[in-house]
$ cat run02.txt   # compact mmCIF, N, CA and C atoms
# COMPACT_ATOMS: atom_id res chain seq x y z
N MET A 243 29.90 223.15 156.16
CA MET A 243 29.73 222.87 154.75
C MET A 243 30.31 224.01 153.92
N GLU A 244 29.99 225.22 154.27
CA GLU A 244 30.47 226.35 153.50
C GLU A 244 31.99 226.48 153.56
N ALA A 245 32.56 226.08 154.67
CA ALA A 245 34.02 226.14 154.79
C ALA A 245 34.68 224.94 154.14
N GLY A 246 33.89 223.99 153.66
CA GLY A 246 34.44 222.82 153.00
C GLY A 246 34.94 221.75 153.93
N LEU A 247 34.50 221.78 155.16
CA LEU A 247 35.01 220.83 156.14
C LEU A 247 34.16 219.57 156.24
N ILE A 248 32.91 219.68 155.79
CA ILE A 248 32.07 218.49 155.69
C ILE A 248 31.31 218.57 154.38
N SER A 249 30.97 217.44 153.85
CA SER A 249 30.21 217.40 152.60
C SER A 249 28.72 217.60 152.90
N SER A 250 27.95 217.83 151.85
CA SER A 250 26.51 217.95 152.05
C SER A 250 25.94 216.62 152.54
N GLY A 251 26.52 215.51 152.07
CA GLY A 251 26.07 214.20 152.55
C GLY A 251 26.30 214.03 154.04
N GLU A 252 27.45 214.47 154.52
CA GLU A 252 27.73 214.40 155.96
C GLU A 252 26.80 215.32 156.74
N ALA A 253 26.51 216.49 156.19
CA ALA A 253 25.58 217.41 156.85
C ALA A 253 24.19 216.79 156.93
N LEU A 254 23.77 216.12 155.86
CA LEU A 254 22.46 215.46 155.89
C LEU A 254 22.42 214.34 156.92
N LYS A 255 23.52 213.64 157.11
CA LYS A 255 23.57 212.60 158.15
C LYS A 255 23.35 213.21 159.53
N ILE A 256 23.91 214.39 159.75
CA ILE A 256 23.72 215.08 161.04
C ILE A 256 22.26 215.46 161.20
N VAL A 257 21.67 216.00 160.15
CA VAL A 257 20.25 216.38 160.19
C VAL A 257 19.40 215.15 160.47
N ASP A 258 19.67 214.07 159.76
CA ASP A 258 18.88 212.85 159.95
C ASP A 258 19.06 212.28 161.36
N ARG A 259 20.26 212.37 161.89
CA ARG A 259 20.50 211.91 163.26
C ARG A 259 19.69 212.74 164.25
N GLU A 260 19.62 214.05 164.00
CA GLU A 260 18.83 214.92 164.88
C GLU A 260 17.34 214.58 164.78
N ILE A 261 16.87 214.30 163.59
CA ILE A 261 15.46 213.92 163.41
C ILE A 261 15.17 212.62 164.18
N ALA A 262 16.05 211.66 164.04
CA ALA A 262 15.85 210.36 164.70
C ALA A 262 15.88 210.46 166.22
N SER A 263 16.57 211.45 166.73
CA SER A 263 16.72 211.57 168.19
C SER A 263 15.56 212.33 168.85
N ARG A 264 14.62 212.81 168.04
CA ARG A 264 13.53 213.62 168.59
C ARG A 264 12.18 212.93 168.38
N ALA A 265 11.34 213.03 169.38
CA ALA A 265 10.00 212.46 169.26
C ALA A 265 9.19 213.22 168.22
N SER A 266 9.38 214.53 168.17
CA SER A 266 8.64 215.35 167.22
C SER A 266 9.60 216.39 166.61
N PRO A 267 10.29 216.00 165.54
CA PRO A 267 11.28 216.92 164.95
C PRO A 267 10.62 218.18 164.39
N GLU A 268 11.36 219.25 164.50
CA GLU A 268 10.86 220.53 163.99
C GLU A 268 10.79 220.49 162.46
N ALA A 269 9.90 221.31 161.91
CA ALA A 269 9.66 221.33 160.46
C ALA A 269 10.93 221.65 159.67
N TRP A 270 11.77 222.54 160.20
CA TRP A 270 12.97 222.90 159.45
C TRP A 270 13.93 221.72 159.29
N LEU A 271 13.97 220.83 160.30
CA LEU A 271 14.82 219.65 160.19
C LEU A 271 14.33 218.73 159.07
N ILE A 272 13.03 218.56 159.00
CA ILE A 272 12.46 217.72 157.94
C ILE A 272 12.71 218.36 156.58
N GLU A 273 12.52 219.68 156.50
CA GLU A 273 12.79 220.39 155.24
C GLU A 273 14.26 220.23 154.84
N ALA A 274 15.15 220.36 155.80
CA ALA A 274 16.59 220.20 155.51
C ALA A 274 16.88 218.79 155.04
N SER A 275 16.26 217.80 155.66
CA SER A 275 16.50 216.41 155.29
C SER A 275 16.04 216.13 153.86
N LEU A 276 15.04 216.85 153.41
CA LEU A 276 14.50 216.64 152.07
C LEU A 276 15.17 217.49 150.99
N ALA A 277 16.16 218.29 151.38
CA ALA A 277 16.85 219.15 150.41
C ALA A 277 17.46 218.30 149.29
N ARG A 278 17.26 218.76 148.07
CA ARG A 278 17.75 218.00 146.91
C ARG A 278 19.17 218.39 146.50
N THR A 279 19.59 219.59 146.85
CA THR A 279 20.92 220.05 146.46
C THR A 279 21.63 220.63 147.69
N PRO A 280 22.95 220.70 147.65
CA PRO A 280 23.67 221.35 148.76
C PRO A 280 23.21 222.79 148.97
N GLN A 281 22.89 223.51 147.89
CA GLN A 281 22.41 224.88 148.01
C GLN A 281 21.08 224.94 148.74
N ASP A 282 20.19 223.99 148.43
CA ASP A 282 18.90 223.93 149.12
C ASP A 282 19.10 223.69 150.62
N LEU A 283 20.01 222.78 150.94
CA LEU A 283 20.29 222.48 152.34
C LEU A 283 20.84 223.72 153.05
N LEU A 284 21.79 224.40 152.42
CA LEU A 284 22.35 225.62 153.02
C LEU A 284 21.27 226.68 153.21
N HIS A 285 20.37 226.80 152.25
CA HIS A 285 19.29 227.78 152.36
C HIS A 285 18.44 227.52 153.61
N VAL A 286 18.07 226.29 153.83
CA VAL A 286 17.25 225.93 155.00
C VAL A 286 18.04 226.17 156.29
N VAL A 287 19.26 225.69 156.32
CA VAL A 287 20.06 225.81 157.53
C VAL A 287 20.37 227.26 157.85
N ARG A 288 20.72 228.05 156.84
CA ARG A 288 21.01 229.48 157.08
C ARG A 288 19.79 230.20 157.64
N ALA A 289 18.62 229.92 157.07
CA ALA A 289 17.40 230.59 157.54
C ALA A 289 17.14 230.25 159.01
N ARG A 290 17.36 229.01 159.38
CA ARG A 290 17.13 228.58 160.76
C ARG A 290 18.19 229.13 161.72
N ALA A 291 19.41 229.17 161.26
CA ALA A 291 20.53 229.55 162.13
C ALA A 291 20.81 231.05 162.17
N GLU A 292 20.06 231.82 161.41
CA GLU A 292 20.31 233.26 161.35
C GLU A 292 20.41 233.87 162.74
N GLY A 293 21.52 234.57 162.96
CA GLY A 293 21.73 235.23 164.24
C GLY A 293 22.34 234.35 165.32
N HIS A 294 22.54 233.06 165.04
CA HIS A 294 23.13 232.19 166.06
C HIS A 294 24.56 232.65 166.33
N PRO A 295 24.94 232.74 167.60
CA PRO A 295 26.29 233.23 167.91
C PRO A 295 27.41 232.36 167.32
N MET A 296 27.14 231.09 167.06
CA MET A 296 28.16 230.24 166.47
C MET A 296 28.54 230.73 165.07
N LEU A 297 27.61 231.40 164.39
CA LEU A 297 27.88 231.87 163.04
C LEU A 297 28.57 233.23 163.01
N THR A 298 28.54 233.94 164.12
CA THR A 298 29.16 235.25 164.14
C THR A 298 30.48 235.27 164.91
N ASP A 299 30.78 234.21 165.61
CA ASP A 299 32.02 234.12 166.37
C ASP A 299 33.12 233.61 165.44
N VAL A 300 34.14 234.44 165.20
CA VAL A 300 35.19 234.06 164.25
C VAL A 300 35.98 232.85 164.71
N TRP A 301 35.96 232.57 165.99
CA TRP A 301 36.81 231.51 166.53
C TRP A 301 36.26 230.12 166.24
N VAL A 302 34.95 230.01 166.07
CA VAL A 302 34.37 228.68 165.87
C VAL A 302 34.88 228.03 164.59
N LEU A 303 35.17 228.83 163.58
CA LEU A 303 35.69 228.28 162.33
C LEU A 303 37.01 227.55 162.59
N PHE A 304 37.87 228.14 163.40
CA PHE A 304 39.15 227.49 163.69
C PHE A 304 38.94 226.18 164.45
N GLU A 305 37.96 226.18 165.35
CA GLU A 305 37.70 224.95 166.10
C GLU A 305 37.14 223.87 165.17
N ALA A 306 36.31 224.27 164.21
CA ALA A 306 35.79 223.31 163.23
C ALA A 306 36.92 222.77 162.36
N MET A 307 37.85 223.65 162.00
CA MET A 307 38.99 223.22 161.19
C MET A 307 39.90 222.28 161.98
N GLU A 308 40.02 222.51 163.26
CA GLU A 308 40.81 221.61 164.09
C GLU A 308 40.18 220.22 164.12
N LYS A 309 38.86 220.17 164.24
CA LYS A 309 38.18 218.87 164.22
C LYS A 309 38.40 218.18 162.88
N ALA A 310 38.38 218.95 161.79
CA ALA A 310 38.63 218.37 160.47
C ALA A 310 40.04 217.80 160.39
N LEU A 311 41.00 218.53 160.92
CA LEU A 311 42.38 218.05 160.93
C LEU A 311 42.49 216.78 161.77
N ASP A 312 41.82 216.78 162.93
CA ASP A 312 41.82 215.59 163.78
C ASP A 312 41.20 214.39 163.07
N ALA A 313 40.26 214.66 162.17
CA ALA A 313 39.57 213.58 161.44
C ALA A 313 40.38 213.08 160.24
N GLY A 314 41.54 213.70 160.01
CA GLY A 314 42.41 213.22 158.95
C GLY A 314 42.40 213.99 157.66
N ILE A 315 41.72 215.12 157.62
CA ILE A 315 41.75 215.94 156.41
C ILE A 315 43.16 216.49 156.23
N ASP A 316 43.62 216.52 154.99
CA ASP A 316 44.97 216.97 154.66
C ASP A 316 45.24 218.37 155.24
N PRO A 317 46.33 218.53 155.98
CA PRO A 317 46.63 219.83 156.60
C PRO A 317 46.73 220.98 155.60
N VAL A 318 47.27 220.71 154.42
CA VAL A 318 47.38 221.77 153.42
C VAL A 318 45.99 222.20 152.95
N ALA A 319 45.08 221.25 152.80
CA ALA A 319 43.70 221.57 152.41
C ALA A 319 43.02 222.41 153.50
N VAL A 320 43.24 222.05 154.76
CA VAL A 320 42.66 222.83 155.86
C VAL A 320 43.22 224.25 155.84
N ALA A 321 44.52 224.39 155.63
CA ALA A 321 45.15 225.71 155.59
C ALA A 321 44.58 226.55 154.44
N TYR A 322 44.32 225.94 153.30
CA TYR A 322 43.75 226.68 152.18
C TYR A 322 42.34 227.17 152.50
N ARG A 323 41.61 226.43 153.32
CA ARG A 323 40.28 226.88 153.73
C ARG A 323 40.38 228.17 154.55
N ILE A 324 41.40 228.26 155.37
CA ILE A 324 41.60 229.48 156.15
C ILE A 324 41.82 230.65 155.22
N LYS A 325 42.59 230.43 154.17
CA LYS A 325 42.88 231.50 153.20
C LYS A 325 41.59 232.02 152.55
N LYS A 326 40.61 231.12 152.34
CA LYS A 326 39.33 231.55 151.76
C LYS A 326 38.57 232.47 152.71
N VAL A 327 38.71 232.22 154.02
CA VAL A 327 37.98 232.99 155.01
C VAL A 327 38.72 234.27 155.39
N TYR A 328 40.02 234.16 155.54
CA TYR A 328 40.85 235.29 155.94
C TYR A 328 41.94 235.52 154.89
N PRO A 329 41.65 236.35 153.88
CA PRO A 329 42.72 236.68 152.94
C PRO A 329 43.91 237.27 153.71
N PHE A 330 45.10 237.11 153.17
CA PHE A 330 46.32 237.52 153.85
C PHE A 330 46.17 238.91 154.47
N GLY A 331 46.42 238.99 155.77
CA GLY A 331 46.41 240.26 156.48
C GLY A 331 45.06 240.70 157.02
N SER A 332 43.99 239.95 156.77
CA SER A 332 42.66 240.40 157.21
C SER A 332 42.19 239.71 158.48
N TRP A 333 43.06 238.98 159.13
CA TRP A 333 42.68 238.18 160.29
C TRP A 333 42.71 238.99 161.58
N PRO A 334 42.16 238.44 162.67
CA PRO A 334 42.20 239.11 163.97
C PRO A 334 43.66 239.34 164.40
N GLY A 335 43.94 240.53 164.91
CA GLY A 335 45.29 240.92 165.27
C GLY A 335 46.00 239.99 166.22
N GLU A 336 45.26 239.41 167.15
CA GLU A 336 45.89 238.53 168.13
C GLU A 336 46.41 237.23 167.51
N LEU A 337 46.03 236.99 166.26
CA LEU A 337 46.49 235.79 165.58
C LEU A 337 47.53 236.10 164.51
N ASP A 338 48.02 237.31 164.50
CA ASP A 338 48.97 237.75 163.47
C ASP A 338 50.08 236.75 163.18
N GLN A 339 50.86 236.43 164.18
CA GLN A 339 52.04 235.60 163.95
C GLN A 339 51.68 234.16 163.58
N VAL A 340 50.71 233.57 164.29
CA VAL A 340 50.40 232.17 164.00
C VAL A 340 49.74 232.01 162.62
N LEU A 341 48.91 232.96 162.22
CA LEU A 341 48.31 232.87 160.89
C LEU A 341 49.36 233.14 159.81
N TYR A 342 50.27 234.06 160.08
CA TYR A 342 51.37 234.29 159.14
C TYR A 342 52.15 232.99 158.94
N ASP A 343 52.42 232.29 160.03
CA ASP A 343 53.16 231.03 159.94
C ASP A 343 52.40 229.99 159.10
N VAL A 344 51.08 229.92 159.29
CA VAL A 344 50.27 228.99 158.49
C VAL A 344 50.38 229.36 157.01
N TYR A 345 50.22 230.65 156.70
CA TYR A 345 50.32 231.09 155.30
C TYR A 345 51.68 230.77 154.71
N GLU A 346 52.71 231.06 155.48
CA GLU A 346 54.08 230.80 155.00
C GLU A 346 54.26 229.33 154.67
N GLU A 347 53.88 228.47 155.58
CA GLU A 347 54.12 227.04 155.39
C GLU A 347 53.20 226.42 154.34
N ALA A 348 51.96 226.91 154.24
CA ALA A 348 50.99 226.29 153.33
C ALA A 348 51.02 226.86 151.91
N THR A 349 51.41 228.12 151.77
CA THR A 349 51.33 228.71 150.43
C THR A 349 52.69 229.10 149.85
N CYS A 350 53.61 229.52 150.68
CA CYS A 350 54.92 229.96 150.18
C CYS A 350 55.97 228.87 150.32
N ALA A 351 56.08 228.34 151.51
CA ALA A 351 57.05 227.28 151.82
C ALA A 351 58.44 227.64 151.34
N HIS A 352 58.86 228.87 151.64
CA HIS A 352 60.17 229.34 151.20
C HIS A 352 61.31 228.42 151.62
N GLU A 353 61.24 227.86 152.80
CA GLU A 353 62.32 227.02 153.30
C GLU A 353 62.29 225.61 152.72
N HIS A 354 61.29 225.33 151.88
CA HIS A 354 61.13 223.97 151.34
C HIS A 354 60.98 223.99 149.83
N GLY A 355 61.63 224.94 149.20
CA GLY A 355 61.59 225.01 147.74
C GLY A 355 60.22 225.28 147.16
N GLY A 356 59.35 225.94 147.94
CA GLY A 356 58.01 226.27 147.47
C GLY A 356 57.02 225.13 147.55
N VAL A 357 57.43 224.02 148.15
CA VAL A 357 56.53 222.85 148.26
C VAL A 357 56.09 222.70 149.71
N PRO A 358 54.80 222.92 149.99
CA PRO A 358 54.32 222.78 151.37
C PRO A 358 54.57 221.37 151.90
N GLN A 359 55.02 221.30 153.13
CA GLN A 359 55.28 220.03 153.80
C GLN A 359 54.13 219.78 154.79
N PRO A 360 53.28 218.79 154.53
CA PRO A 360 52.10 218.58 155.36
C PRO A 360 52.38 218.53 156.86
N ARG A 361 53.44 217.87 157.27
CA ARG A 361 53.76 217.77 158.70
C ARG A 361 54.04 219.15 159.30
N ILE A 362 54.74 219.99 158.56
CA ILE A 362 55.06 221.34 159.04
C ILE A 362 53.82 222.22 159.01
N VAL A 363 53.00 222.07 157.97
CA VAL A 363 51.74 222.83 157.90
C VAL A 363 50.85 222.44 159.08
N GLU A 364 50.79 221.15 159.38
CA GLU A 364 49.98 220.70 160.52
C GLU A 364 50.48 221.31 161.82
N SER A 365 51.76 221.39 162.00
CA SER A 365 52.32 221.98 163.21
C SER A 365 51.92 223.45 163.32
N ALA A 366 51.99 224.18 162.21
CA ALA A 366 51.58 225.59 162.21
C ALA A 366 50.09 225.72 162.51
N LEU A 367 49.28 224.81 161.95
CA LEU A 367 47.84 224.82 162.23
C LEU A 367 47.56 224.54 163.70
N ARG A 368 48.26 223.59 164.27
CA ARG A 368 48.05 223.26 165.69
C ARG A 368 48.35 224.47 166.57
N ALA A 369 49.40 225.23 166.24
CA ALA A 369 49.71 226.44 167.00
C ALA A 369 48.59 227.47 166.84
N LEU A 370 48.05 227.59 165.64
CA LEU A 370 46.93 228.50 165.39
C LEU A 370 45.71 228.09 166.21
N PHE A 371 45.37 226.82 166.19
CA PHE A 371 44.20 226.35 166.90
C PHE A 371 44.35 226.53 168.40
N ALA A 372 45.53 226.34 168.91
CA ALA A 372 45.78 226.55 170.35
C ALA A 372 45.58 228.02 170.70
N ALA A 373 46.04 228.91 169.85
CA ALA A 373 45.85 230.35 170.09
C ALA A 373 44.37 230.72 170.01
N ALA A 374 43.66 230.16 169.06
CA ALA A 374 42.23 230.46 168.90
C ALA A 374 41.43 229.97 170.10
N ARG A 375 41.80 228.80 170.64
CA ARG A 375 41.08 228.26 171.80
C ARG A 375 41.17 229.19 173.01
N ARG A 376 42.22 229.96 173.10
CA ARG A 376 42.36 230.89 174.23
C ARG A 376 41.34 232.03 174.15
N SER A 377 40.77 232.27 172.98
CA SER A 377 39.83 233.37 172.81
C SER A 377 38.38 232.95 172.96
N SER A 378 38.05 231.71 172.64
CA SER A 378 36.66 231.26 172.70
C SER A 378 36.64 229.74 172.60
N SER A 379 35.58 229.14 173.08
CA SER A 379 35.50 227.70 172.94
C SER A 379 34.09 227.25 172.57
N TRP A 380 33.99 226.76 171.37
CA TRP A 380 32.77 226.13 170.88
C TRP A 380 32.97 224.63 170.75
N ARG A 381 34.07 224.14 171.25
CA ARG A 381 34.44 222.74 171.02
C ARG A 381 33.36 221.77 171.49
N SER A 382 32.74 222.03 172.64
CA SER A 382 31.73 221.08 173.12
C SER A 382 30.53 221.04 172.19
N ALA A 383 30.14 222.18 171.63
CA ALA A 383 29.02 222.19 170.67
C ALA A 383 29.41 221.45 169.40
N LEU A 384 30.63 221.65 168.94
CA LEU A 384 31.08 220.95 167.74
C LEU A 384 31.22 219.45 167.99
N ASP A 385 31.67 219.08 169.19
CA ASP A 385 31.80 217.66 169.52
C ASP A 385 30.42 216.97 169.48
N ARG A 386 29.40 217.71 169.89
CA ARG A 386 28.05 217.15 169.87
C ARG A 386 27.58 216.93 168.42
N LEU A 387 27.90 217.88 167.55
CA LEU A 387 27.48 217.77 166.15
C LEU A 387 28.29 216.76 165.37
N PHE A 388 29.60 216.72 165.68
CA PHE A 388 30.52 215.86 164.93
C PHE A 388 31.26 214.96 165.91
N PRO A 389 30.57 213.93 166.41
CA PRO A 389 31.20 213.06 167.42
C PRO A 389 32.39 212.29 166.87

$ encode --input "run02.txt" --output "structure tokens"
Amino acid sequence: MEAGLISSGEALKIVDREIASRASPEAWLIEASLARTPQDLLHVVRARAEGHPMLTDVWVLFEAMEKALDAGIDPVAVAYRIKKVYPFGSWPGELDQVLYDVYEEATCAHEHGGVPQPRIVESALRALFAAARRSSSWRSALDRLFP
């Protein structure tokens, strides 16, 4: 939600699905389901998830973005989300070239008159996601949350 890859409504559907799948859902799930605003939902979820390794592993964000791309979200929009998380030059060193390529294609597009080409941006993103997968894999956890 914070990365903009799912809406608060979609997040609530996940919470409700988890409640329905349990004989006795935990109190935090019920509290999350009753959240009136996206901020309230984030407050509940953050408090519950504090310290979870999925929130501290930088690679999971890329895997979530890959799932968003697979679901049909505009590649340029996905690339802009990366920019919010990793301002130019602040990314992990092992991703230097692939992230530079994403930035070039999504924000500068020098070879295309300054107009990002979604197909080319998607190709740069796919290379980034492949590189990120070599460092860590949260894909099975994400697949469970976002089937």

$ select_by_dssp --input "run02.txt" --residues "range 261-386 of chain A" --states "helix (DSSP H, G or I)" --output "ChimeraX atom specification"
/A:261-262,269-275,280-291,295-298,300-312,317-327,335-350,352-354,360-375,381-386

$ residues_around --input "run02.txt" --residues "range 264-275 of chain A" --least-positions-apart "5" --cutoff "6 Å" --atoms "all atoms listed in the file" --output "list in words"
Asp258, Leu283 and Val286 of chain A

$ atom_distance --input "run02.txt" --atom1 "atom N of Cys350 in chain A" --atom2 "CA of Ile362 in chain A"
11.8 Å

$ residues_near_point --input "run02.txt" --point "(28.2, 218.9, 158.1)" --cutoff "5 Å" --atoms "only N, CA and C atoms" --output "VMD selection string"
chain A and resid 243 248 252 to 253

$ residues_near_point --input "run02.txt" --point "(40.1, 229.7, 161.7)" --cutoff "8 Å" --atoms "only N, CA and C atoms" --output "PyMOL selection string"
chain A and resi 300-308+323-325+327-328+370-371+374

$ closest_residue --input "run02.txt" --among "A:Ala262, A:Val340, A:Leu276, A:Val318" --to "Gln359 in chain A" --atoms "all atoms listed in the file"
A:Val318

$ atom_distance --input "run02.txt" --atom1 "CA of Val344 in chain A" --atom2 "CA of Glu364 in chain A"
8.5 Å

$ build_atoms --input "run02.txt" --residues "range 269-279 of chain A" --atoms "all heavy atoms" --output "PDB file, in the coordinates of the input"
ATOM      1  N   ALA A 269       9.900 221.310 161.910  1.00  0.00           N
ATOM      2  CA  ALA A 269       9.660 221.330 160.460  1.00  0.00           C
ATOM      3  C   ALA A 269      10.930 221.650 159.670  1.00  0.00           C
ATOM      4  O   ALA A 269      11.161 221.077 158.598  1.00  0.00           O
ATOM      5  CB  ALA A 269       8.565 222.335 160.131  1.00  0.00           C
ATOM      6  N   TRP A 270      11.770 222.540 160.200  1.00  0.00           N
ATOM      7  CA  TRP A 270      12.970 222.900 159.450  1.00  0.00           C
ATOM      8  C   TRP A 270      13.930 221.720 159.290  1.00  0.00           C
ATOM      9  O   TRP A 270      14.600 221.614 158.267  1.00  0.00           O
ATOM     10  CB  TRP A 270      13.671 224.106 160.063  1.00  0.00           C
ATOM     11  CG  TRP A 270      14.459 223.813 161.306  1.00  0.00           C
ATOM     12  CD1 TRP A 270      14.023 223.831 162.588  1.00  0.00           C
ATOM     13  CD2 TRP A 270      15.835 223.422 161.350  1.00  0.00           C
ATOM     14  NE1 TRP A 270      15.033 223.474 163.442  1.00  0.00           N
ATOM     15  CE2 TRP A 270      16.160 223.235 162.702  1.00  0.00           C
ATOM     16  CE3 TRP A 270      16.819 223.220 160.390  1.00  0.00           C
ATOM     17  CZ2 TRP A 270      17.436 222.846 163.121  1.00  0.00           C
ATOM     18  CZ3 TRP A 270      18.090 222.834 160.805  1.00  0.00           C
ATOM     19  CH2 TRP A 270      18.379 222.663 162.158  1.00  0.00           C
ATOM     20  N   LEU A 271      13.970 220.830 160.300  1.00  0.00           N
ATOM     21  CA  LEU A 271      14.820 219.650 160.190  1.00  0.00           C
ATOM     22  C   LEU A 271      14.330 218.730 159.070  1.00  0.00           C
ATOM     23  O   LEU A 271      15.126 218.205 158.288  1.00  0.00           O
ATOM     24  CB  LEU A 271      14.861 218.876 161.510  1.00  0.00           C
ATOM     25  CG  LEU A 271      15.783 219.414 162.589  1.00  0.00           C
ATOM     26  CD1 LEU A 271      15.518 218.713 163.917  1.00  0.00           C
ATOM     27  CD2 LEU A 271      17.234 219.281 162.184  1.00  0.00           C
ATOM     28  N   ILE A 272      13.030 218.560 159.000  1.00  0.00           N
ATOM     29  CA  ILE A 272      12.460 217.720 157.940  1.00  0.00           C
ATOM     30  C   ILE A 272      12.710 218.360 156.580  1.00  0.00           C
ATOM     31  O   ILE A 272      13.116 217.680 155.628  1.00  0.00           O
ATOM     32  CB  ILE A 272      10.967 217.466 158.193  1.00  0.00           C
ATOM     33  CG1 ILE A 272      10.823 216.632 159.471  1.00  0.00           C
ATOM     34  CG2 ILE A 272      10.314 216.781 156.991  1.00  0.00           C
ATOM     35  CD1 ILE A 272       9.428 216.537 160.011  1.00  0.00           C
ATOM     36  N   GLU A 273      12.520 219.680 156.500  1.00  0.00           N
ATOM     37  CA  GLU A 273      12.790 220.390 155.240  1.00  0.00           C
ATOM     38  C   GLU A 273      14.260 220.230 154.840  1.00  0.00           C
ATOM     39  O   GLU A 273      14.574 219.984 153.678  1.00  0.00           O
ATOM     40  CB  GLU A 273      12.431 221.870 155.380  1.00  0.00           C
ATOM     41  CG  GLU A 273      12.596 222.658 154.107  1.00  0.00           C
ATOM     42  CD  GLU A 273      12.251 224.130 154.258  1.00  0.00           C
ATOM     43  OE1 GLU A 273      11.823 224.556 155.350  1.00  0.00           O
ATOM     44  OE2 GLU A 273      12.437 224.853 153.271  1.00  0.00           O
ATOM     45  N   ALA A 274      15.150 220.360 155.800  1.00  0.00           N
ATOM     46  CA  ALA A 274      16.590 220.200 155.510  1.00  0.00           C
ATOM     47  C   ALA A 274      16.880 218.790 155.040  1.00  0.00           C
ATOM     48  O   ALA A 274      17.658 218.584 154.093  1.00  0.00           O
ATOM     49  CB  ALA A 274      17.413 220.538 156.754  1.00  0.00           C
ATOM     50  N   SER A 275      16.260 217.800 155.660  1.00  0.00           N
ATOM     51  CA  SER A 275      16.500 216.410 155.290  1.00  0.00           C
ATOM     52  C   SER A 275      16.040 216.130 153.860  1.00  0.00           C
ATOM     53  O   SER A 275      16.597 215.268 153.189  1.00  0.00           O
ATOM     54  CB  SER A 275      15.767 215.491 156.264  1.00  0.00           C
ATOM     55  OG  SER A 275      15.993 214.145 155.937  1.00  0.00           O
ATOM     56  N   LEU A 276      15.040 216.850 153.410  1.00  0.00           N
ATOM     57  CA  LEU A 276      14.500 216.640 152.070  1.00  0.00           C
ATOM     58  C   LEU A 276      15.170 217.490 150.990  1.00  0.00           C
ATOM     59  O   LEU A 276      14.800 217.406 149.814  1.00  0.00           O
ATOM     60  CB  LEU A 276      12.984 216.914 152.072  1.00  0.00           C
ATOM     61  CG  LEU A 276      12.156 215.979 152.959  1.00  0.00           C
ATOM     62  CD1 LEU A 276      10.705 216.458 153.020  1.00  0.00           C
ATOM     63  CD2 LEU A 276      12.249 214.541 152.471  1.00  0.00           C
ATOM     64  N   ALA A 277      16.160 218.290 151.380  1.00  0.00           N
ATOM     65  CA  ALA A 277      16.850 219.150 150.410  1.00  0.00           C
ATOM     66  C   ALA A 277      17.460 218.300 149.290  1.00  0.00           C
ATOM     67  O   ALA A 277      18.060 217.267 149.544  1.00  0.00           O
ATOM     68  CB  ALA A 277      17.942 219.954 151.113  1.00  0.00           C
ATOM     69  N   ARG A 278      17.260 218.760 148.070  1.00  0.00           N
ATOM     70  CA  ARG A 278      17.750 218.000 146.910  1.00  0.00           C
ATOM     71  C   ARG A 278      19.170 218.390 146.500  1.00  0.00           C
ATOM     72  O   ARG A 278      19.854 217.605 145.859  1.00  0.00           O
ATOM     73  CB  ARG A 278      16.817 218.196 145.724  1.00  0.00           C
ATOM     74  CG  ARG A 278      15.459 217.599 145.951  1.00  0.00           C
ATOM     75  CD  ARG A 278      14.575 217.841 144.744  1.00  0.00           C
ATOM     76  NE  ARG A 278      13.232 217.384 145.002  1.00  0.00           N
ATOM     77  CZ  ARG A 278      12.699 216.331 144.418  1.00  0.00           C
ATOM     78  NH1 ARG A 278      13.383 215.651 143.542  1.00  0.00           N
ATOM     79  NH2 ARG A 278      11.480 215.969 144.713  1.00  0.00           N
ATOM     80  N   THR A 279      19.590 219.590 146.850  1.00  0.00           N
ATOM     81  CA  THR A 279      20.920 220.050 146.460  1.00  0.00           C
ATOM     82  C   THR A 279      21.630 220.630 147.690  1.00  0.00           C
ATOM     83  O   THR A 279      20.978 221.023 148.659  1.00  0.00           O
ATOM     84  CB  THR A 279      20.849 221.142 145.378  1.00  0.00           C
ATOM     85  OG1 THR A 279      20.263 222.319 145.953  1.00  0.00           O
ATOM     86  CG2 THR A 279      20.054 220.687 144.159  1.00  0.00           C
TER      87      THR A 279
END
